[in-house]
$ cat data_10.csv   # CSV, C-alpha atoms
chain,number,residue,atom,x,y,z
T,35,MET,CA,-113.1,120.2,91.3
T,36,LYS,CA,-111.0,123.2,92.2
T,37,ARG,CA,-113.7,125.2,93.9
T,38,PHE,CA,-112.3,126.3,97.1
T,39,LYS,CA,-109.0,128.1,97.3
T,40,ARG,CA,-106.6,129.0,100.1
T,41,GLY,CA,-107.2,125.7,101.9
T,42,VAL,CA,-111.0,126.2,102.5
T,43,LYS,CA,-112.6,122.8,102.4
T,44,THR,CA,-115.5,122.0,100.2
T,45,HIS,CA,-118.6,122.4,102.2
T,46,PRO,CA,-119.9,118.9,102.9
T,47,ALA,CA,-123.5,119.7,101.8
T,48,PHE,CA,-122.2,120.6,98.4
T,49,SER,CA,-119.7,117.8,97.7
T,50,ARG,CA,-122.0,115.7,95.6
T,51,GLY,CA,-123.4,118.3,93.1
T,52,VAL,CA,-126.5,120.5,93.3
T,53,LYS,CA,-129.4,118.8,95.1
T,54,LYS,CA,-133.0,119.9,94.9
T,55,GLU,CA,-133.1,120.5,98.6
T,56,ILE,CA,-129.9,122.5,99.0
T,57,ARG,CA,-130.0,125.3,101.6
T,58,ILE,CA,-129.5,128.7,100.0
T,59,ILE,CA,-129.4,132.1,101.8
T,60,GLY,CA,-130.3,135.1,99.7
T,61,TRP,CA,-129.3,138.6,100.9
T,62,ASP,CA,-130.9,141.9,100.0
T,63,ASP,CA,-131.0,145.4,101.6
T,64,SER,CA,-133.9,147.5,102.9
T,65,ARG,CA,-134.4,150.9,101.4
T,66,HIS,CA,-132.7,153.8,103.0
T,67,SER,CA,-132.9,157.5,102.9
T,68,HIS,CA,-130.1,160.1,102.7
T,69,THR,CA,-130.2,160.6,106.5
T,70,ASP,CA,-130.1,156.9,107.5
T,71,LYS,CA,-126.8,155.8,109.0
T,72,SER,CA,-127.4,152.1,109.0
T,73,VAL,CA,-129.2,149.7,106.7
T,74,VAL,CA,-130.8,146.4,107.5
T,75,LEU,CA,-129.9,143.4,105.3
T,76,VAL,CA,-132.2,140.4,105.4
T,77,GLY,CA,-131.2,136.8,104.5
T,78,PRO,CA,-134.1,134.3,104.1
T,79,ILE,CA,-132.8,130.7,104.1
T,80,PHE,CA,-134.4,128.4,101.5
T,81,ARG,CA,-134.5,124.7,101.2
T,82,GLY,CA,-134.3,124.4,97.4
T,83,ALA,CA,-136.4,127.0,95.6
T,84,GLU,CA,-139.7,126.9,97.5
T,85,TYR,CA,-139.5,126.3,101.2
T,86,MET,CA,-138.3,129.0,103.5
T,87,ASP,CA,-136.5,127.5,106.5
T,88,GLY,CA,-135.2,130.5,108.4
T,89,MET,CA,-133.9,134.0,108.2
T,90,LEU,CA,-130.9,136.0,109.4
T,91,SER,CA,-130.5,139.8,109.4
T,92,VAL,CA,-127.7,142.2,110.0
T,93,SER,CA,-127.3,145.9,110.3
T,94,ILE,CA,-124.6,147.5,108.2
T,95,LYS,CA,-123.3,151.1,107.9
T,96,LYS,CA,-124.6,153.0,104.9
T,97,ASP,CA,-121.6,153.4,102.5
T,98,GLY,CA,-119.4,151.6,105.0
T,99,LEU,CA,-117.3,148.5,104.2
T,100,ASP,CA,-118.7,146.1,106.9
T,101,SER,CA,-121.2,144.1,104.9
T,102,THR,CA,-118.8,141.2,104.1
T,103,GLN,CA,-117.8,140.7,107.7
T,104,LYS,CA,-121.4,141.2,109.0
T,105,ILE,CA,-122.9,138.6,106.6
T,106,ALA,CA,-120.0,136.1,107.2
T,107,SER,CA,-120.4,136.4,111.0
T,108,ALA,CA,-124.2,136.1,111.0
T,109,ILE,CA,-123.9,133.0,108.8
T,110,ARG,CA,-121.2,131.3,110.9
T,111,LYS,CA,-123.1,131.9,114.1
T,112,SER,CA,-126.4,130.7,112.8
T,113,ARG,CA,-127.7,127.3,113.7
T,114,HIS,CA,-128.3,126.8,109.9
T,115,TYR,CA,-124.6,127.1,109.1
T,116,GLY,CA,-124.0,123.4,108.9
T,117,GLN,CA,-126.8,122.9,106.4
T,118,LEU,CA,-126.1,125.9,104.2
T,119,SER,CA,-124.7,125.3,100.7
T,120,VAL,CA,-124.8,128.6,98.8
T,121,ILE,CA,-124.8,132.3,99.6
T,122,MET,CA,-126.6,134.6,97.1
T,123,THR,CA,-126.4,138.3,97.1
T,124,ASP,CA,-128.4,140.9,95.2
T,125,GLY,CA,-125.5,142.4,93.3
T,126,ILE,CA,-122.3,143.4,95.2
T,127,THR,CA,-123.4,146.6,96.8
T,128,PHE,CA,-125.7,147.0,99.8
T,129,GLY,CA,-126.7,150.2,101.7
T,130,GLY,CA,-125.3,152.6,99.2
T,131,PHE,CA,-121.8,151.6,98.3
T,132,ASN,CA,-121.2,149.0,101.1
T,133,LEU,CA,-119.4,146.5,98.8
T,134,VAL,CA,-119.6,142.8,99.4
T,135,ASP,CA,-116.3,141.1,98.7
T,136,ILE,CA,-117.6,137.8,97.5
T,137,LYS,CA,-114.2,136.2,97.3
T,138,ALA,CA,-113.6,137.1,101.0
T,139,LEU,CA,-117.1,136.0,101.9
T,140,HIS,CA,-116.5,132.7,100.3
T,141,ILE,CA,-113.2,132.2,102.2
T,142,LYS,CA,-114.6,133.4,105.6
T,143,THR,CA,-117.6,131.0,105.4
T,144,GLY,CA,-116.3,128.2,103.3
T,145,LEU,CA,-119.5,128.5,101.2
T,146,PRO,CA,-119.7,129.4,97.5
T,147,VAL,CA,-121.2,132.8,96.7
T,148,ILE,CA,-123.2,134.0,93.7
T,149,ALA,CA,-123.9,137.7,93.2
T,150,VAL,CA,-126.9,138.1,90.9
T,151,GLN,CA,-128.1,141.1,89.0
T,152,ARG,CA,-131.0,141.4,86.6
T,153,TYR,CA,-129.3,144.1,84.5
T,154,GLU,CA,-125.8,144.1,83.1
T,155,PRO,CA,-123.8,146.5,85.3
T,156,ASN,CA,-121.8,149.2,83.6
T,157,MET,CA,-118.5,148.6,85.4
T,158,LYS,CA,-116.8,151.7,84.0
T,159,GLU,CA,-119.6,154.0,85.3
T,160,PHE,CA,-119.7,152.1,88.6
T,161,LEU,CA,-115.9,152.5,89.2
T,162,GLY,CA,-116.1,156.1,88.1
T,163,ALA,CA,-118.8,156.8,90.7
T,164,ILE,CA,-116.8,155.1,93.4
T,165,ARG,CA,-113.8,157.3,92.6
T,166,LYS,CA,-115.9,160.4,92.7
T,167,VAL,CA,-117.8,159.7,95.9
T,168,PHE,CA,-115.0,158.2,98.1
T,169,LYS,CA,-112.1,160.6,97.9
T,170,LYS,CA,-110.3,158.9,100.7
T,171,ASP,CA,-110.6,155.1,100.3
T,172,TRP,CA,-111.6,154.7,96.7
T,173,ARG,CA,-108.6,152.5,96.0
T,174,LYS,CA,-109.7,150.0,98.5
T,175,ARG,CA,-113.2,149.9,97.1
T,176,VAL,CA,-112.1,149.7,93.5
T,177,ALA,CA,-109.8,146.8,94.5
T,178,ILE,CA,-112.8,144.9,95.9
T,179,VAL,CA,-114.8,145.4,92.8
T,180,LYS,CA,-111.9,144.3,90.6
T,181,LYS,CA,-111.2,141.2,92.5
T,182,THR,CA,-114.9,140.2,92.3
T,183,GLY,CA,-114.2,139.0,88.8
T,184,LYS,CA,-115.9,139.1,85.5
T,185,VAL,CA,-119.7,139.6,85.2
T,186,LYS,CA,-121.1,136.6,83.4
T,187,ARG,CA,-124.5,136.0,81.7
T,188,TRP,CA,-126.9,133.1,82.4
T,189,GLU,CA,-129.8,132.6,80.1
T,190,LYS,CA,-132.6,130.1,79.8
T,191,ASP,CA,-135.9,130.3,77.9
T,192,GLY,CA,-135.3,134.0,77.1
T,193,ARG,CA,-134.7,134.9,80.7
T,194,ALA,CA,-131.3,136.3,81.5
T,195,VAL,CA,-129.4,137.3,84.7
T,196,PHE,CA,-125.9,138.5,85.2
T,197,TYR,CA,-123.7,137.1,87.9
T,198,GLN,CA,-120.3,137.0,89.6
T,199,SER,CA,-119.4,134.0,91.6
T,200,ALA,CA,-116.8,132.6,94.0
T,201,GLY,CA,-116.1,129.0,94.7
T,202,LEU,CA,-118.3,127.6,91.8
T,203,THR,CA,-117.8,126.6,88.2
T,204,ASP,CA,-120.0,128.2,85.7
T,205,ALA,CA,-121.8,124.9,85.2
T,206,GLU,CA,-122.6,124.8,88.9
T,207,VAL,CA,-123.9,128.3,88.9
T,208,SER,CA,-126.0,127.5,86.0
T,209,GLU,CA,-127.5,124.4,87.8
T,210,ILE,CA,-128.2,126.5,90.9
T,211,LEU,CA,-129.9,129.3,88.8
T,212,ASP,CA,-131.9,126.7,86.9
T,213,LEU,CA,-133.2,125.3,90.2
T,214,THR,CA,-134.0,128.6,91.9
T,215,ILE,CA,-135.3,130.9,89.1
T,216,LEU,CA,-139.0,129.8,88.9
T,217,ARG,CA,-140.6,133.0,87.6
T,218,GLY,CA,-139.2,136.1,85.9
T,219,ASN,CA,-135.4,136.4,86.3
T,220,THR,CA,-134.8,136.4,90.1
T,221,PRO,CA,-133.8,133.3,92.1
T,222,GLU,CA,-136.4,132.6,94.8
T,223,PRO,CA,-134.2,133.4,97.8
T,224,LEU,CA,-133.4,136.8,96.4
T,225,ARG,CA,-137.0,137.4,95.3
T,226,VAL,CA,-138.3,136.8,98.8
T,227,ALA,CA,-135.4,138.7,100.4
T,228,HIS,CA,-136.5,141.6,98.2
T,229,LEU,CA,-140.1,141.3,99.4
T,230,ILE,CA,-139.1,141.2,103.0
T,231,ALA,CA,-136.7,144.1,102.7
T,232,GLY,CA,-139.3,146.1,100.9
T,233,GLY,CA,-142.0,145.2,103.4
T,234,LEU,CA,-139.8,146.4,106.3
T,235,SER,CA,-139.0,149.8,104.7
T,236,GLY,CA,-142.1,150.3,102.5
T,237,GLU,CA,-145.0,152.8,102.8
T,238,SER,CA,-146.8,150.4,105.1
T,239,ARG,CA,-144.2,150.6,107.8
T,240,GLY,CA,-145.5,152.3,110.9
T,241,GLY,CA,-148.7,153.3,109.1
T,242,ALA,CA,-151.1,154.8,111.6
V,255,MET,CA,-173.8,133.2,104.0
V,256,LYS,CA,-173.9,135.6,106.9
V,257,ARG,CA,-170.3,136.2,107.1
V,258,PHE,CA,-170.0,139.9,107.4
V,259,LYS,CA,-171.9,141.9,109.9
V,260,ARG,CA,-172.7,145.6,110.3
V,261,GLY,CA,-173.0,146.2,106.6
V,262,VAL,CA,-169.5,145.1,105.7
V,263,LYS,CA,-169.7,143.5,102.2
V,264,THR,CA,-168.3,140.1,101.5
V,265,HIS,CA,-164.9,140.6,100.1
V,266,PRO,CA,-165.2,139.8,96.3
V,267,ALA,CA,-162.2,137.5,96.3
V,268,PHE,CA,-163.9,135.3,98.8
V,269,SER,CA,-167.4,135.1,97.5
V,270,ARG,CA,-167.0,131.8,95.7
V,271,GLY,CA,-165.5,129.7,98.5
V,272,VAL,CA,-161.8,129.0,99.3
V,273,LYS,CA,-159.6,128.9,96.2
V,274,LYS,CA,-156.2,127.4,96.2
V,275,GLU,CA,-154.7,130.7,95.2
V,276,ILE,CA,-156.4,132.9,97.8
V,277,ARG,CA,-154.2,135.7,99.2
V,278,ILE,CA,-153.6,135.4,102.9
V,279,ILE,CA,-151.6,137.7,105.1
V,280,GLY,CA,-150.2,136.2,108.3
V,281,TRP,CA,-149.0,138.5,111.2
V,282,ASP,CA,-146.5,137.8,113.9
V,283,ASP,CA,-144.4,140.0,116.2
V,284,SER,CA,-140.7,140.2,116.7
V,285,ARG,CA,-139.1,139.5,120.0
V,286,HIS,CA,-138.8,142.4,122.4
V,287,SER,CA,-137.0,143.1,125.7
V,288,HIS,CA,-138.3,144.7,128.8
V,289,THR,CA,-136.8,148.0,127.7
V,290,ASP,CA,-138.2,148.1,124.2
V,291,LYS,CA,-141.0,150.6,123.7
V,292,SER,CA,-142.1,149.5,120.3
V,293,VAL,CA,-142.4,146.1,118.6
V,294,VAL,CA,-142.3,145.4,114.9
V,295,LEU,CA,-145.1,143.2,113.4
V,296,VAL,CA,-144.5,141.5,110.1
V,297,GLY,CA,-147.2,140.3,107.7
V,298,PRO,CA,-146.0,138.2,104.7
V,299,ILE,CA,-148.6,137.9,102.0
V,300,PHE,CA,-149.1,134.4,100.5
V,301,ARG,CA,-150.8,133.3,97.4
V,302,GLY,CA,-152.3,130.0,98.7
V,303,ALA,CA,-150.0,128.1,101.0
V,304,GLU,CA,-146.7,128.2,99.1
V,305,TYR,CA,-146.0,131.4,97.2
V,306,MET,CA,-145.0,134.5,99.0
V,307,ASP,CA,-146.2,137.6,97.2
V,308,GLY,CA,-145.4,140.6,99.4
V,309,MET,CA,-145.0,141.8,102.9
V,310,LEU,CA,-146.2,144.5,105.1
V,311,SER,CA,-144.9,145.6,108.5
V,312,VAL,CA,-146.0,148.0,111.2
V,313,SER,CA,-144.5,149.2,114.5
V,314,ILE,CA,-146.8,149.0,117.5
V,315,LYS,CA,-146.4,150.1,121.1
V,316,LYS,CA,-145.4,147.5,123.6
V,317,ASP,CA,-148.4,146.7,125.8
V,318,GLY,CA,-150.3,149.4,123.9
V,319,LEU,CA,-153.7,149.0,122.2
V,320,ASP,CA,-152.8,150.1,118.7
V,321,SER,CA,-152.2,146.8,116.9
V,322,THR,CA,-155.7,146.5,115.5
V,323,GLN,CA,-155.6,150.0,114.0
V,324,LYS,CA,-152.1,149.7,112.7
V,325,ILE,CA,-152.7,146.3,111.0
V,326,ALA,CA,-156.0,147.5,109.5
V,327,SER,CA,-154.4,150.7,108.2
V,328,ALA,CA,-151.4,148.9,106.6
V,329,ILE,CA,-153.6,146.4,104.9
V,330,ARG,CA,-156.0,149.1,103.5
V,331,LYS,CA,-153.1,151.2,102.2
V,332,SER,CA,-151.4,148.3,100.6
V,333,ARG,CA,-151.5,147.6,96.9
V,334,HIS,CA,-152.3,144.0,97.8
V,335,TYR,CA,-155.6,145.0,99.5
V,336,GLY,CA,-157.8,144.3,96.5
V,337,GLN,CA,-156.4,140.7,96.2
V,338,LEU,CA,-156.3,139.8,99.9
V,339,SER,CA,-158.9,137.4,101.1
V,340,VAL,CA,-158.0,136.4,104.7
V,341,ILE,CA,-156.0,137.9,107.6
V,342,MET,CA,-154.3,135.5,110.0
V,343,THR,CA,-152.8,136.5,113.3
V,344,ASP,CA,-150.6,134.5,115.7
V,345,GLY,CA,-153.0,134.5,118.6
V,346,ILE,CA,-154.6,137.8,119.8
V,347,THR,CA,-151.7,139.4,121.6
V,348,PHE,CA,-148.7,141.1,120.0
V,349,GLY,CA,-145.9,143.1,121.7
V,350,GLY,CA,-146.7,142.1,125.3
V,351,PHE,CA,-150.4,142.6,125.8
V,352,ASN,CA,-151.2,144.7,122.7
V,353,LEU,CA,-154.5,143.0,121.9
V,354,VAL,CA,-155.8,142.4,118.4
V,355,ASP,CA,-159.5,143.0,118.3
V,356,ILE,CA,-160.3,140.5,115.5
V,357,LYS,CA,-163.9,141.6,115.2
V,358,ALA,CA,-162.9,145.2,114.7
V,359,LEU,CA,-160.1,144.2,112.3
V,360,HIS,CA,-162.7,142.3,110.3
V,361,ILE,CA,-165.0,145.3,110.1
V,362,LYS,CA,-162.2,147.9,109.4
V,363,THR,CA,-160.9,145.8,106.5
V,364,GLY,CA,-163.9,143.9,105.3
V,365,LEU,CA,-161.7,140.8,105.4
V,366,PRO,CA,-162.3,137.7,107.5
V,367,VAL,CA,-159.8,137.1,110.4
V,368,ILE,CA,-158.5,133.9,111.9
V,369,ALA,CA,-156.3,134.1,115.1
V,370,VAL,CA,-154.5,130.8,115.4
V,371,GLN,CA,-152.7,129.3,118.3
V,372,ARG,CA,-150.8,126.0,118.7
V,373,TYR,CA,-151.8,125.6,122.3
V,374,GLU,CA,-155.1,126.0,124.0
V,375,PRO,CA,-155.1,129.3,125.8
V,376,ASN,CA,-156.1,129.4,129.4
V,377,MET,CA,-158.6,132.2,129.3
V,378,LYS,CA,-159.0,132.5,133.0
V,379,GLU,CA,-155.3,132.9,133.6
V,380,PHE,CA,-155.0,135.2,130.7
V,381,LEU,CA,-157.8,137.5,131.9
V,382,GLY,CA,-156.4,137.4,135.5
V,383,ALA,CA,-153.0,138.5,134.2
V,384,ILE,CA,-154.6,141.4,132.3
V,385,ARG,CA,-156.4,142.6,135.4
V,386,LYS,CA,-153.2,142.5,137.4
V,387,VAL,CA,-150.9,144.2,134.9
V,388,PHE,CA,-153.3,146.9,133.7
V,389,LYS,CA,-154.7,148.7,136.8
V,390,LYS,CA,-156.1,151.5,134.7
V,391,ASP,CA,-157.6,150.1,131.5
V,392,TRP,CA,-158.1,146.4,132.3
V,393,ARG,CA,-161.8,146.7,131.6
V,394,LYS,CA,-161.2,147.8,128.0
V,395,ARG,CA,-158.8,145.0,127.5
V,396,VAL,CA,-160.9,142.3,129.0
V,397,ALA,CA,-163.8,143.5,126.8
V,398,ILE,CA,-161.7,143.0,123.7
V,399,VAL,CA,-160.7,139.5,124.8
V,400,LYS,CA,-164.4,138.6,125.6
V,401,LYS,CA,-165.8,139.9,122.3
V,402,THR,CA,-163.1,137.9,120.4
V,403,GLY,CA,-165.3,134.9,121.0
V,404,LYS,CA,-164.9,131.2,121.8
V,405,VAL,CA,-161.7,129.4,121.2
V,406,LYS,CA,-162.3,126.5,118.8
V,407,ARG,CA,-160.3,123.5,117.9
V,408,TRP,CA,-159.3,122.3,114.4
V,409,GLU,CA,-157.8,118.9,114.0
V,410,LYS,CA,-156.6,116.8,111.0
V,411,ASP,CA,-154.4,113.7,110.9
V,412,GLY,CA,-153.5,114.2,114.6
V,413,ARG,CA,-152.5,117.8,114.2
V,414,ALA,CA,-154.5,120.3,116.1
V,415,VAL,CA,-154.7,124.1,116.4
V,416,PHE,CA,-156.9,126.4,118.3
V,417,TYR,CA,-158.5,129.4,116.7
V,418,GLN,CA,-160.9,132.3,117.0
V,419,SER,CA,-162.4,133.9,113.9
V,420,ALA,CA,-164.4,136.8,112.6
V,421,GLY,CA,-166.3,136.7,109.4
V,422,LEU,CA,-166.1,133.0,108.6
V,423,THR,CA,-168.1,129.9,109.3
V,424,ASP,CA,-166.2,127.1,111.0
V,425,ALA,CA,-166.4,125.1,107.8
V,426,GLU,CA,-164.6,127.9,106.0
V,427,VAL,CA,-161.9,128.2,108.7
V,428,SER,CA,-161.4,124.5,108.4
V,429,GLU,CA,-161.0,124.7,104.6
V,430,ILE,CA,-158.4,127.5,105.0
V,431,LEU,CA,-156.5,125.6,107.6
V,432,ASP,CA,-156.5,122.5,105.5
V,433,LEU,CA,-155.1,124.5,102.6
V,434,THR,CA,-152.4,126.3,104.6
V,435,ILE,CA,-151.2,123.8,107.2
V,436,LEU,CA,-148.6,121.8,105.3
V,437,ARG,CA,-146.2,120.7,108.0
V,438,GLY,CA,-146.6,120.6,111.8
V,439,ASN,CA,-149.5,122.7,113.0
V,440,THR,CA,-148.8,126.2,111.8
V,441,PRO,CA,-150.4,127.7,108.6
V,442,GLU,CA,-147.6,128.6,106.2
V,443,PRO,CA,-148.2,132.4,106.3
V,444,LEU,CA,-147.8,132.3,110.1
V,445,ARG,CA,-144.9,129.9,109.9
V,446,VAL,CA,-143.0,132.3,107.6
V,447,ALA,CA,-144.1,135.4,109.6
V,448,HIS,CA,-142.5,133.7,112.6
V,449,LEU,CA,-139.3,133.0,110.8
V,450,ILE,CA,-139.0,136.6,109.5
V,451,ALA,CA,-139.9,138.1,112.9
V,452,GLY,CA,-137.4,135.8,114.6
V,453,GLY,CA,-134.7,136.6,112.0
V,454,LEU,CA,-135.1,140.3,112.6
V,455,SER,CA,-134.7,140.1,116.3
V,456,GLY,CA,-132.6,137.0,116.7
V,457,GLU,CA,-129.0,136.5,117.8
V,458,SER,CA,-127.9,137.1,114.3
V,459,ARG,CA,-129.1,140.7,114.2
V,460,GLY,CA,-126.2,143.1,114.0
V,461,GLY,CA,-123.6,140.4,114.6
V,462,ALA,CA,-120.2,141.9,114.2

$ encode --input "data_10.csv" --output "structure tokens"
Amino acid sequence: MKRFKRGVKTHPAFSRGVKKEIRIIGWDDSRHSHTDKSVVLVGPIFRGAEYMDGMLSVSIKKDGLDSTQKIASAIRKSRHYGQLSVIMTDGITFGGFNLVDIKALHIKTGLPVIAVQRYEPNMKEFLGAIRKVFKKDWRKRVAIVKKTGKVKRWEKDGRAVFYQSAGLTDAEVSEILDLTILRGNTPEPLRVAHLIAGGLSGESRGGA
Amino acid sequence: MKRFKRGVKTHPAFSRGVKKEIRIIGWDDSRHSHTDKSVVLVGPIFRGAEYMDGMLSVSIKKDGLDSTQKIASAIRKSRHYGQLSVIMTDGITFGGFNLVDIKALHIKTGLPVIAVQRYEPNMKEFLGAIRKVFKKDWRKRVAIVKKTGKVKRWEKDGRAVFYQSAGLTDAEVSEILDLTILRGNTPEPLRVAHLIAGGLSGESRGGA
């Protein structure tokens, strides 16, 4: 299997196919307002689809470009690193336009990455927005988006998601999505990441 | 059943005994340092023992006395309020000595409350510490602890927890603990609250 490029070794936990108990970390961002300078990302760690085993969090700059490095560093420092088999992200942008470079994240961690979206992204519009908003470093950002690769479609029983991946064959992605999408069209680690991120930033926070 | 006192009605979701799918919110606090002035409490909402359905969070004053009001208010304002059947708390102190008045929480929300601890608290030592630390308002704090009621023991298959409760018979508490303690001696909503709180404040936070 030619999963890992540039000399990154296959993660041992993943060398024998997709097991039911594989550890998956799913990242999502908390809501943020126009005035916020940083955004919290949460990454609950799941054993298979149903059992939460841990959580990491990082703080990234809104509209910055530090999400890839922050996520990679948190994962590598975690005591769960040795057990982790897959990184999932909710799309490829966090905290505004803080782009996750999934190829770099794969190389930095040695773990495969799947960026999952519920709706098909309009890449032309997305790249156009980046060019408009970031007068200075739009080239760098567009390059990250372009190297992220083609958006693919997974479907089962009428439920569909769109994904980009690094370090996995489409068949492997499909197996992982089959295992983790239990209800609706969100893999459990991302569903719970979304609940936690929402609960941290929601109406309830700080309610007096 | 004389579960609810002072005219608080039995919560409809709980009127026919403990169902497998009852909604339970479990609260725990994030770690804090000596210099922190506030502490975040997280409350993941579970459907039964295994399915996380939502999350609330509040910010309380370290060593303050606002946790009861903050938790009650967050729950009452939540869109999950109508479905919630039980509140669990990790003991009765959050953020230093910010005491949860479980009787008052029960009355403010109309929901039964179970404060769960893995170790038997030494009440004498605990009250002694409160008297020492809070020269001004120790009477108020001691009164909250005393009205919280007797610490009871639950045990099953060699696993034991200690609890105080409001609005429930011991048989009902036992049923709820049977349902939610799947591994070790922590009910799932509190186990996951602890993972989330730890993940927010752990070594991984903000790692660069």

$ closest_residue --input "data_10.csv" --among "V:Glu442, V:Glu304, V:Asp320, V:Asp355" --to "Val399 (chain V)" --atoms "only C-alpha atoms"
V:Asp355

$ interface_residues --input "data_10.csv" --of "chain T" --to "chain V" --cutoff "8 Å" --atoms "only C-alpha atoms" --output "ChimeraX atom specification"
/T:76,78,84-94,103-104,107-109,111-112,226,229-230,232-234,236,238-242

$ write_last_selection --input "data_10.csv" --atoms "C-alpha atoms" --output "mmCIF file, keeping the file's coordinate frame"
data_model
loop_
_atom_site.group_PDB
_atom_site.id
_atom_site.type_symbol
_atom_site.label_atom_id
_atom_site.label_comp_id
_atom_site.auth_asym_id
_atom_site.auth_seq_id
_atom_site.Cartn_x
_atom_site.Cartn_y
_atom_site.Cartn_z
ATOM 1 C CA VAL T 76 -132.200 140.400 105.400
ATOM 2 C CA PRO T 78 -134.100 134.300 104.100
ATOM 3 C CA GLU T 84 -139.700 126.900 97.500
ATOM 4 C CA TYR T 85 -139.500 126.300 101.200
ATOM 5 C CA MET T 86 -138.300 129.000 103.500
ATOM 6 C CA ASP T 87 -136.500 127.500 106.500
ATOM 7 C CA GLY T 88 -135.200 130.500 108.400
ATOM 8 C CA MET T 89 -133.900 134.000 108.200
ATOM 9 C CA LEU T 90 -130.900 136.000 109.400
ATOM 10 C CA SER T 91 -130.500 139.800 109.400
ATOM 11 C CA VAL T 92 -127.700 142.200 110.000
ATOM 12 C CA SER T 93 -127.300 145.900 110.300
ATOM 13 C CA ILE T 94 -124.600 147.500 108.200
ATOM 14 C CA GLN T 103 -117.800 140.700 107.700
ATOM 15 C CA LYS T 104 -121.400 141.200 109.000
ATOM 16 C CA SER T 107 -120.400 136.400 111.000
ATOM 17 C CA ALA T 108 -124.200 136.100 111.000
ATOM 18 C CA ILE T 109 -123.900 133.000 108.800
ATOM 19 C CA LYS T 111 -123.100 131.900 114.100
ATOM 20 C CA SER T 112 -126.400 130.700 112.800
ATOM 21 C CA VAL T 226 -138.300 136.800 98.800
ATOM 22 C CA LEU T 229 -140.100 141.300 99.400
ATOM 23 C CA ILE T 230 -139.100 141.200 103.000
ATOM 24 C CA GLY T 232 -139.300 146.100 100.900
ATOM 25 C CA GLY T 233 -142.000 145.200 103.400
ATOM 26 C CA LEU T 234 -139.800 146.400 106.300
ATOM 27 C CA GLY T 236 -142.100 150.300 102.500
ATOM 28 C CA SER T 238 -146.800 150.400 105.100
ATOM 29 C CA ARG T 239 -144.200 150.600 107.800
ATOM 30 C CA GLY T 240 -145.500 152.300 110.900
ATOM 31 C CA GLY T 241 -148.700 153.300 109.100
ATOM 32 C CA ALA T 242 -151.100 154.800 111.600
#

$ atom_distance --input "data_10.csv" --atom1 "CA of Lys378 (chain V)" --atom2 "CA of Phe416 (chain V)"
16.1 Å

$ closest_residue --input "data_10.csv" --among "V:Ile341, V:Leu436, V:Ala447, V:Ile278" --to "Gly364 (chain V)" --atoms "all atoms listed in the file"
V:Ile341

$ atom_distance --input "data_10.csv" --atom1 "CA of Asn439 (chain V)" --atom2 "CA of Arg413 (chain V)"
5.9 Å

$ residues_around --input "data_10.csv" --residues "Pro375 (chain V)" --least-positions-apart "3" --cutoff "12 Å" --atoms "only C-alpha atoms" --output "list in words"
Gly345, Ile346, Thr347, Ala369, Val370, Gln371, Arg372, Lys378, Glu379, Phe380, Leu381, Val399, Lys404, Val405, Lys406, Arg407, Val415, Phe416, Tyr417 and Gln418 of chain V

$ atom_distance --input "data_10.csv" --atom1 "CA of Thr123 (chain T)" --atom2 "CA of Thr440 (chain V)"
29.4 Å
